[in-house]
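Here the structure comes first, spelled out in structure tokens, and everything after it is commentary.
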Amino acid sequence: MAHFYLAVNHLLTGDFEEALTEAGRASLDKAPDRVSRAYAALFLAFALLEHGDHDQALQRLGPTMTELEGFAFPQWHALAAVLTGEAYRRGRRLEEAATATRTGIEIATSAQYWYAVGTGERVAAQIARDARDLQEAADAFDRALCTFNRIGARFEAARTRAEAGSDKGPS
């Protein structure tokens, strides 16, 4: 489990390369049971996504989301749905991205897992921006920023501000 916590720490502090290397892959390889493997796969997919490999992330997220839904632990299921939305968005599959992201936000809101809600709102903002709906993008970025500020997630709030201020088009 030490590998898992190390990988998550790297991931959540923005050290995506390190999260992907030994710590991330080792956490999956050494997971002692089905639940631990599902969690490790979720965070490895998260690291892959942040590293820019949305295809590999999506391949891991499909079965992982099914596993997590079966565990009746909605927080991780919600995060997996939101990350699936982001993987679809990066592959320019905006309708599928919007559906997965909405599902993730709904599950996360119901579970009161605000990190996944904020992440979902940020993904929704990027989807709206990619679809050229700039008002919805601005509104969703504002919702994400409010959520991250409310829970004290400074790194995510700063990241959201940077992405909201980005003049580049679809990323």
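In the structure tokens, the first chain shown is A, the next is B, and so on; residue numbers restart at 1 for each chain, and ligands run from 1 in the order shown.
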
Could you find all residues in segment 31-169 of chain A that DSSP calls helix (DSSP H, G or I) from the backbone, and write them as a PyMOL selection string?
-> chain A and resi 34-51+54-70+74-90+94-111+114-130+134-151+154-164

Identify, on the basis of only C-alpha atoms, every residue whose closest approach to segment 152-169 of chain A does not exceed 7 Å; exclude the query and any residue fewer than 2 positions from it along the same chain; express the result as a PyMOL selection string.
-> chain A and resi 122+130+141+145+148-150+171

Which neighbours of Ala137 of chain A fall inside 7 Å, counting only C-alpha atoms, when residues of the same chain fewer than 6 positions from it are skipped, and could you give them as an NGL selection string?
-> :A and (125-126 or 128-129)

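Neighbouring residues of Gly118 of chain A at 7 Å or closer, counting only C-alpha atoms and skipping chain neighbours under 3 positions away, are Trp114, Tyr115, Glu121, Arg122, Ala144, Thr147 and Phe148 of chain A.
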
Filtering to N, CA and C atoms, could you give me those residues as a short mmCIF file (atom, residue, chain, number, x, y, z; two decimals), in the first residue's frame?
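Saved the output as selection_10.cif:
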data_model
loop_
_atom_site.label_atom_id
_atom_site.label_comp_id
_atom_site.auth_asym_id
_atom_site.auth_seq_id
_atom_site.Cartn_x
_atom_site.Cartn_y
_atom_site.Cartn_z
N TRP A 114 -16.53 16.71 -2.65
CA TRP A 114 -16.38 18.00 -3.30
C TRP A 114 -15.17 18.07 -4.22
N TYR A 115 -14.13 17.30 -3.96
CA TYR A 115 -12.99 17.29 -4.88
C TYR A 115 -13.45 16.82 -6.26
N GLU A 121 -16.65 19.98 -12.51
CA GLU A 121 -17.02 21.31 -13.03
C GLU A 121 -15.92 21.88 -13.92
N ARG A 122 -14.65 21.64 -13.54
CA ARG A 122 -13.55 22.11 -14.38
C ARG A 122 -13.55 21.38 -15.73
N ALA A 144 -16.28 25.58 -10.33
CA ALA A 144 -15.14 24.75 -9.91
C ALA A 144 -14.27 25.52 -8.94
N THR A 147 -15.85 25.76 -5.53
CA THR A 147 -15.77 24.47 -4.83
C THR A 147 -14.37 24.24 -4.28
N PHE A 148 -13.36 24.43 -5.09
CA PHE A 148 -11.99 24.20 -4.63
C PHE A 148 -11.61 25.18 -3.51
#

Listing only residues of segment 26-93 of chain A within 9 Å of segment 98-101 of chain A, what is the closest atom pair and its distance in Å (to one decimal) for each, using only C-alpha atoms, sorted by chain and residue number ascending, as a Markdown table?
| residue | atom | partner | partner_atom | distance |
| --- | --- | --- | --- | --- |
| A:Ala78 | CA | A:Thr101 | CA | 8.8 |
| A:Ala81 | CA | A:Ala100 | CA | 5.5 |
| A:Val82 | CA | A:Thr101 | CA | 4.6 |
| A:Leu83 | CA | A:Thr101 | CA | 7.7 |
| A:Thr84 | CA | A:Ala100 | CA | 6.3 |
| A:Gly85 | CA | A:Thr101 | CA | 4.7 |
| A:Glu86 | CA | A:Thr101 | CA | 7.5 |
| A:Tyr88 | CA | A:Ala100 | CA | 8.5 |
| A:Arg89 | CA | A:Ala98 | CA | 8.0 |
| A:Arg93 | CA | A:Ala98 | CA | 8.8 |

Can you write out the residues you just picked, keeping C-alpha atoms, as a tab-separated table (two decimals), in the first residue's frame?
chain	number	residue	atom	x	y	z
A	78	ALA	CA	-17.74	9.66	-9.20
A	81	ALA	CA	-16.74	9.04	-14.19
A	82	VAL	CA	-15.31	12.57	-14.18
A	83	LEU	CA	-11.91	11.31	-15.35
A	84	THR	CA	-13.66	9.30	-18.07
A	85	GLY	CA	-15.30	12.54	-19.18
A	86	GLU	CA	-11.90	14.22	-19.34
A	88	TYR	CA	-13.31	11.54	-23.82
A	89	ARG	CA	-12.87	15.32	-24.03
A	93	ARG	CA	-15.61	13.01	-28.11

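Closest to Phe73 of chain A among A:Tyr113, A:Ala40, A:Arg132, A:Ile105 is A:Tyr113, based on only C-alpha atoms.
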
Among the residues A:Thr66, A:Gln135, A:Ser110, A:Thr119, the one that comes closest to Leu42 of chain A [using only C-alpha atoms] =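 Counting only C-alpha atoms, the residue closest to Leu42 of chain A is A:Thr66.
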
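Among the candidates A:His77, A:Leu49, A:Gly70, A:Arg60, the one nearest to Thr109 of chain A when counting only C-alpha atoms is A:His77.
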
Interatomic distance, atom CA of Ala45 of chain A to atom CA of Asp139 of chain A (Å, one decimal) | 27.5 Å

Gap from atom CA of Leu94 of chain A to atom CA of Leu134 of chain A - Å, one decimal =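 Between these atoms lies a distance of 14.9 Å.
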
Between atom CA of Ile127 of chain A and atom CA of Ala38 of chain A, what is the spacing in Å?
->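 A separation of 26.6 Å between them.
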